[in-house]
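> Supplied structure: start-v3.cif, mmCIF, C-alpha atoms.
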```
data_upload
loop_
_atom_site.group_PDB
_atom_site.id
_atom_site.type_symbol
_atom_site.label_atom_id
_atom_site.label_comp_id
_atom_site.auth_asym_id
_atom_site.auth_seq_id
_atom_site.Cartn_x
_atom_site.Cartn_y
_atom_site.Cartn_z
ATOM 1 C CA MET A 1 96.670 58.169 86.699
ATOM 2 C CA ASP A 2 95.355 58.000 83.150
ATOM 3 C CA ASN A 3 97.172 59.321 80.098
ATOM 4 C CA ARG A 4 95.285 62.628 80.117
ATOM 5 C CA GLN A 5 96.459 63.484 83.629
ATOM 6 C CA ALA A 6 100.029 62.492 82.820
ATOM 7 C CA MET A 7 100.034 64.592 79.649
ATOM 8 C CA GLY A 8 98.399 67.543 81.427
ATOM 9 C CA SER A 9 100.974 67.536 84.216
ATOM 10 C CA TRP A 10 103.798 67.414 81.679
ATOM 11 C CA LEU A 11 102.378 70.325 79.669
ATOM 12 C CA SER A 12 101.806 72.471 82.747
ATOM 13 C CA GLY A 13 105.483 72.509 83.624
ATOM 14 C CA PRO A 14 107.492 71.847 86.749
ATOM 15 C CA ARG A 15 105.937 74.663 88.790
ATOM 16 C CA ALA A 16 102.411 73.293 88.372
ATOM 17 C CA ALA A 17 103.632 69.801 89.235
ATOM 18 C CA MET A 18 105.314 71.118 92.394
ATOM 19 C CA GLU A 19 102.197 73.071 93.375
ATOM 20 C CA ASP A 20 100.095 69.930 92.869
ATOM 21 C CA ALA A 21 102.520 68.152 95.194
ATOM 22 C CA GLY A 22 101.910 70.790 97.875
ATOM 23 C CA ALA A 23 104.776 73.272 97.392
ATOM 24 C CA ASP A 24 103.857 76.903 98.115
ATOM 25 C CA PHE A 25 105.695 79.422 95.934
ATOM 26 C CA GLY A 26 103.690 82.401 97.136
ATOM 27 C CA TYR A 27 102.792 85.312 94.918
ATOM 28 C CA PRO A 28 105.200 87.207 92.630
ATOM 29 C CA GLY A 29 107.150 89.743 94.670
ATOM 30 C CA GLU A 30 106.560 88.128 98.058
ATOM 31 C CA ARG A 31 110.262 87.306 98.478
ATOM 32 C CA LEU A 32 111.058 90.968 97.742
ATOM 33 C CA GLY A 33 108.632 92.263 100.348
ATOM 34 C CA LEU A 34 106.205 93.709 97.795
ATOM 35 C CA PRO A 35 102.402 93.580 98.074
ATOM 36 C CA GLU A 36 100.427 91.005 96.125
ATOM 37 C CA GLU A 37 98.173 93.517 94.339
ATOM 38 C CA GLY A 38 97.759 97.241 93.872
ATOM 39 C CA SER A 39 100.341 99.982 94.124
ATOM 40 C CA GLY A 40 103.871 98.668 94.618
ATOM 41 C CA SER A 41 103.131 95.155 93.362
ATOM 42 C CA ILE A 42 105.151 93.480 90.618
ATOM 43 C CA ALA A 43 104.237 94.694 87.135
ATOM 44 C CA ARG A 44 102.528 92.011 85.094
ATOM 45 C CA PRO A 45 103.812 91.004 81.638
ATOM 46 C CA GLY A 46 100.913 92.558 79.697
ATOM 47 C CA ARG A 47 101.546 96.034 81.073
ATOM 48 C CA ARG A 48 105.278 95.675 80.595
ATOM 49 C CA LEU A 49 104.882 94.661 76.951
ATOM 50 C CA GLY A 50 102.389 97.473 76.356
ATOM 51 C CA ALA A 51 104.804 100.030 77.814
ATOM 52 C CA LEU A 52 107.625 98.613 75.710
ATOM 53 C CA ALA A 53 105.498 98.870 72.556
ATOM 54 C CA VAL A 54 104.643 102.517 73.288
ATOM 55 C CA ASP A 55 108.290 103.387 73.977
ATOM 56 C CA TRP A 56 109.457 101.615 70.830
ATOM 57 C CA ALA A 57 106.813 103.384 68.720
ATOM 58 C CA LEU A 58 107.926 106.752 70.107
ATOM 59 C CA CYS A 59 111.545 105.939 69.341
ATOM 60 C CA LEU A 60 110.634 104.883 65.788
ATOM 61 C CA LEU A 61 108.773 108.166 65.292
ATOM 62 C CA VAL A 62 111.766 110.168 66.519
ATOM 63 C CA ALA A 63 114.204 108.192 64.371
ATOM 64 C CA ASP A 64 111.914 108.362 61.340
ATOM 65 C CA GLY A 65 111.038 112.036 61.610
ATOM 66 C CA LEU A 66 114.200 113.633 62.937
ATOM 67 C CA ILE A 67 117.118 111.436 61.950
ATOM 68 C CA THR A 68 116.469 109.404 58.799
ATOM 69 C CA ARG A 69 113.648 111.604 57.424
ATOM 70 C CA GLY A 70 111.680 108.692 56.060
ATOM 71 C CA TYR A 71 111.582 105.025 56.870
ATOM 72 C CA SER A 72 114.643 103.083 55.751
ATOM 73 C CA GLN A 73 116.708 100.169 57.022
ATOM 74 C CA ALA A 74 118.706 102.541 59.188
ATOM 75 C CA THR A 75 115.577 103.747 61.008
ATOM 76 C CA GLY A 76 115.438 100.659 63.206
ATOM 77 C CA ASN A 77 119.075 101.045 64.213
ATOM 78 C CA TRP A 78 118.585 104.703 65.055
ATOM 79 C CA ALA A 79 115.408 103.847 66.945
ATOM 80 C CA LEU A 80 117.405 101.421 69.100
ATOM 81 C CA LEU A 81 119.903 104.159 69.875
ATOM 82 C CA VAL A 82 117.079 106.571 70.737
ATOM 83 C CA PHE A 83 115.515 103.825 72.907
ATOM 84 C CA LEU A 84 118.820 103.412 74.742
ATOM 85 C CA ALA A 85 119.057 107.163 75.399
ATOM 86 C CA LEU A 86 115.389 107.355 76.424
ATOM 87 C CA GLY A 87 115.742 104.510 78.896
ATOM 88 C CA ILE A 88 118.950 105.788 80.455
ATOM 89 C CA LEU A 89 117.749 109.369 80.809
ATOM 90 C CA THR A 90 114.193 108.764 81.996
ATOM 91 C CA VAL A 91 114.625 105.669 84.182
ATOM 92 C CA GLY A 92 117.792 107.131 85.689
ATOM 93 C CA SER A 93 116.091 110.415 86.565
ATOM 94 C CA VAL A 94 112.357 109.911 87.214
ATOM 95 C CA GLY A 95 112.098 106.095 87.277
ATOM 96 C CA PHE A 96 109.886 105.565 84.245
ATOM 97 C CA THR A 97 109.717 106.036 80.489
ATOM 98 C CA PRO A 98 106.692 107.591 78.750
ATOM 99 C CA GLY A 99 105.295 104.124 78.013
ATOM 100 C CA LYS A 100 105.764 102.967 81.592
ATOM 101 C CA ARG A 101 104.040 106.103 82.881
ATOM 102 C CA LEU A 102 101.147 105.580 80.468
ATOM 103 C CA PHE A 103 100.684 102.016 81.744
ATOM 104 C CA GLY A 104 101.170 102.973 85.401
ATOM 105 C CA LEU A 105 104.588 101.384 85.942
ATOM 106 C CA ARG A 106 107.782 102.501 87.637
ATOM 107 C CA VAL A 107 111.287 101.069 88.014
ATOM 108 C CA LEU A 108 112.661 100.990 91.559
ATOM 109 C CA ALA A 109 116.014 99.942 92.949
ATOM 110 C CA LEU A 110 115.779 97.251 95.596
ATOM 111 C CA GLY A 111 116.534 98.696 98.983
ATOM 112 C CA THR A 112 116.898 102.379 98.105
ATOM 113 C CA GLY A 113 113.880 102.869 95.842
ATOM 114 C CA ARG A 114 115.544 105.361 93.506
ATOM 115 C CA VAL A 115 117.382 104.016 90.461
ATOM 116 C CA GLN A 116 120.934 105.320 90.316
ATOM 117 C CA PRO A 117 122.212 106.359 86.854
ATOM 118 C CA LEU A 118 124.694 103.455 86.596
ATOM 119 C CA ARG A 119 121.924 100.959 87.354
ATOM 120 C CA ALA A 120 119.767 102.622 84.694
ATOM 121 C CA VAL A 121 122.607 102.323 82.158
ATOM 122 C CA LEU A 122 123.143 98.618 82.961
ATOM 123 C CA ARG A 123 119.420 97.850 82.918
ATOM 124 C CA THR A 124 118.801 99.658 79.624
ATOM 125 C CA VAL A 125 121.819 98.173 77.838
ATOM 126 C CA LEU A 126 120.721 94.677 78.878
ATOM 127 C CA LEU A 127 117.154 95.460 77.805
ATOM 128 C CA CYS A 128 118.429 96.512 74.360
ATOM 129 C CA LEU A 129 120.152 93.133 74.038
ATOM 130 C CA ALA A 130 116.653 91.571 74.418
ATOM 131 C CA ILE A 131 117.775 88.120 75.620
ATOM 132 C CA PRO A 132 118.147 89.113 79.307
ATOM 133 C CA ALA A 133 114.632 90.567 79.236
ATOM 134 C CA LEU A 134 113.222 87.236 78.025
ATOM 135 C CA ILE A 135 114.619 85.254 80.974
ATOM 136 C CA TRP A 136 112.386 85.708 84.029
ATOM 137 C CA ASP A 137 112.530 84.461 87.587
ATOM 138 C CA ARG A 138 109.522 83.318 89.593
ATOM 139 C CA ASP A 139 108.883 86.882 90.761
ATOM 140 C CA GLY A 140 108.440 88.059 87.162
ATOM 141 C CA ARG A 141 111.697 90.010 87.094
ATOM 142 C CA GLY A 142 113.751 89.806 83.934
ATOM 143 C CA LEU A 143 117.447 89.019 84.048
ATOM 144 C CA HIS A 144 118.134 92.673 83.184
ATOM 145 C CA ASP A 145 116.296 93.711 86.368
ATOM 146 C CA ARG A 146 118.033 91.116 88.514
ATOM 147 C CA LEU A 147 121.501 92.116 87.332
ATOM 148 C CA ALA A 148 120.777 95.828 87.810
ATOM 149 C CA GLY A 149 119.162 95.262 91.206
ATOM 150 C CA THR A 150 115.870 96.811 90.118
ATOM 151 C CA VAL A 151 112.214 95.821 90.013
ATOM 152 C CA GLU A 152 109.353 97.115 87.875
ATOM 153 C CA VAL A 153 106.247 97.818 89.945
ATOM 154 C CA ARG A 154 102.779 99.292 89.517
ATOM 155 C CA ILE A 155 102.293 102.926 90.538
#
```
Show me this structure written as structure tokens.


Amino acid sequence: MDNRQAMGSWLSGPRAAMEDAGADFGYPGERLGLPEEGSGSIARPGRRLGALAVDWALCLLVADGLITRGYSQATGNWALLVFLALGILTVGSVGFTPGKRLFGLRVLALGTGRVQPLRAVLRTVLLCLAIPALIWDRDGRGLHDRLAGTVEVRI
């Protein structure tokens, strides 16, 4: 093995090295019994980030227009509170926020399918903390989804 191969395997990470060695991890969502593509498959990061950006922009507009009446330092804090309420109310009732619906995503509880209100509260509070959402498993589920027992899928 020359230096380029050694450096390339190091940069690719442990998963790529294991796959090169013959390990089969399957596709994201396979362990959860979800399809590989199409409706019901695991939501990809691009769609999730797009939905989050839309939801955050809506919350900033609400906080800016209705609460602080002009952008100030407090607008971001109010927007986070509006985001918390939006997530709890919409995910706990219909399974998606406006941004998720726009990007064709839905949050489901594992096993039952419908997200119970307490799961929606836990998931949204952890999402507002940001760190749990940045830690993903090999299925593409954030720590906030794993702890709440939910999964974000394509509609």

> With a distance cut-off of 12 Å and only C-alpha atoms, select the neighbouring residues of Glu152 in chain A, excluding the residue or stretch itself and same-chain residues fewer than 5 positions from it, and output the selection as JSON, numbers by chain.

{"A": [28, 29, 32, 34, 39, 40, 41, 42, 43, 44, 45, 47, 48, 51, 91, 95, 96, 97, 100, 101, 103, 104, 105, 106, 107, 108, 109, 110, 113, 114, 115, 123, 139, 140, 141, 142, 144, 145, 146]}

> For Val151 in chain A, which residue among A:Trp78, A:Gly33, A:Gly65, A:Pro98 is the nearest when counting only C-alpha atoms?

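Of the candidates, the smallest distance to Val151 in chain A is held by A:Gly33.
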
> Need to verify the contact set: Ala57 in chain A, 12 Å, all atoms listed in the file, exclusion of same-chain residues closer than 4 positions in sequence. Can you return it as a PyMOL selection string?

chain A and resi 50-53+61-65+75-76+79-80+82-83+98-99

> When you count all atoms listed in the file, which of these residues is closest to Arg154 in chain A: A:Leu89, A:Leu102, A:Val125, A:Leu81?

A:Leu102

> When the PyMOL selection byres ((chain A and resi 92) around 8) is applied to the structure above, which residues does it catch, written out as a compact mmCIF listing (two decimals) with C-alpha atoms, in the frame of the given file?


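Produced file out17.txt, reproduced below:
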```txt
# COMPACT_ATOMS: atom_id res chain seq x y z
CA GLY A 87 115.74 104.51 78.90
CA ILE A 88 118.95 105.79 80.46
CA LEU A 89 117.75 109.37 80.81
CA THR A 90 114.19 108.76 82.00
CA VAL A 91 114.62 105.67 84.18
CA SER A 93 116.09 110.42 86.56
CA VAL A 94 112.36 109.91 87.21
CA GLY A 95 112.10 106.10 87.28
CA VAL A 115 117.38 104.02 90.46
CA GLN A 116 120.93 105.32 90.32
CA PRO A 117 122.21 106.36 86.85
CA LEU A 118 124.69 103.46 86.60
CA ARG A 119 121.92 100.96 87.35
CA ALA A 120 119.77 102.62 84.69
CA VAL A 121 122.61 102.32 82.16
```

> Range 117-134 of chain A, all listed atoms, 6 Å padding on each side: what axis-aligned box centre and edge lengths in Å to one decimal come out, as JSON?


```
{"center_x": 119.0, "center_y": 96.8, "center_z": 80.7, "size_x": 23.5, "size_y": 31.1, "size_z": 25.3}
```

> When you count all atoms listed in the file, which of these residues is closest to Ala133 in chain A: A:Asn77, A:Leu49, A:Gly111, A:Leu58?

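Looking at the shortest contact to Ala133 in chain A, the residue is A:Leu49.
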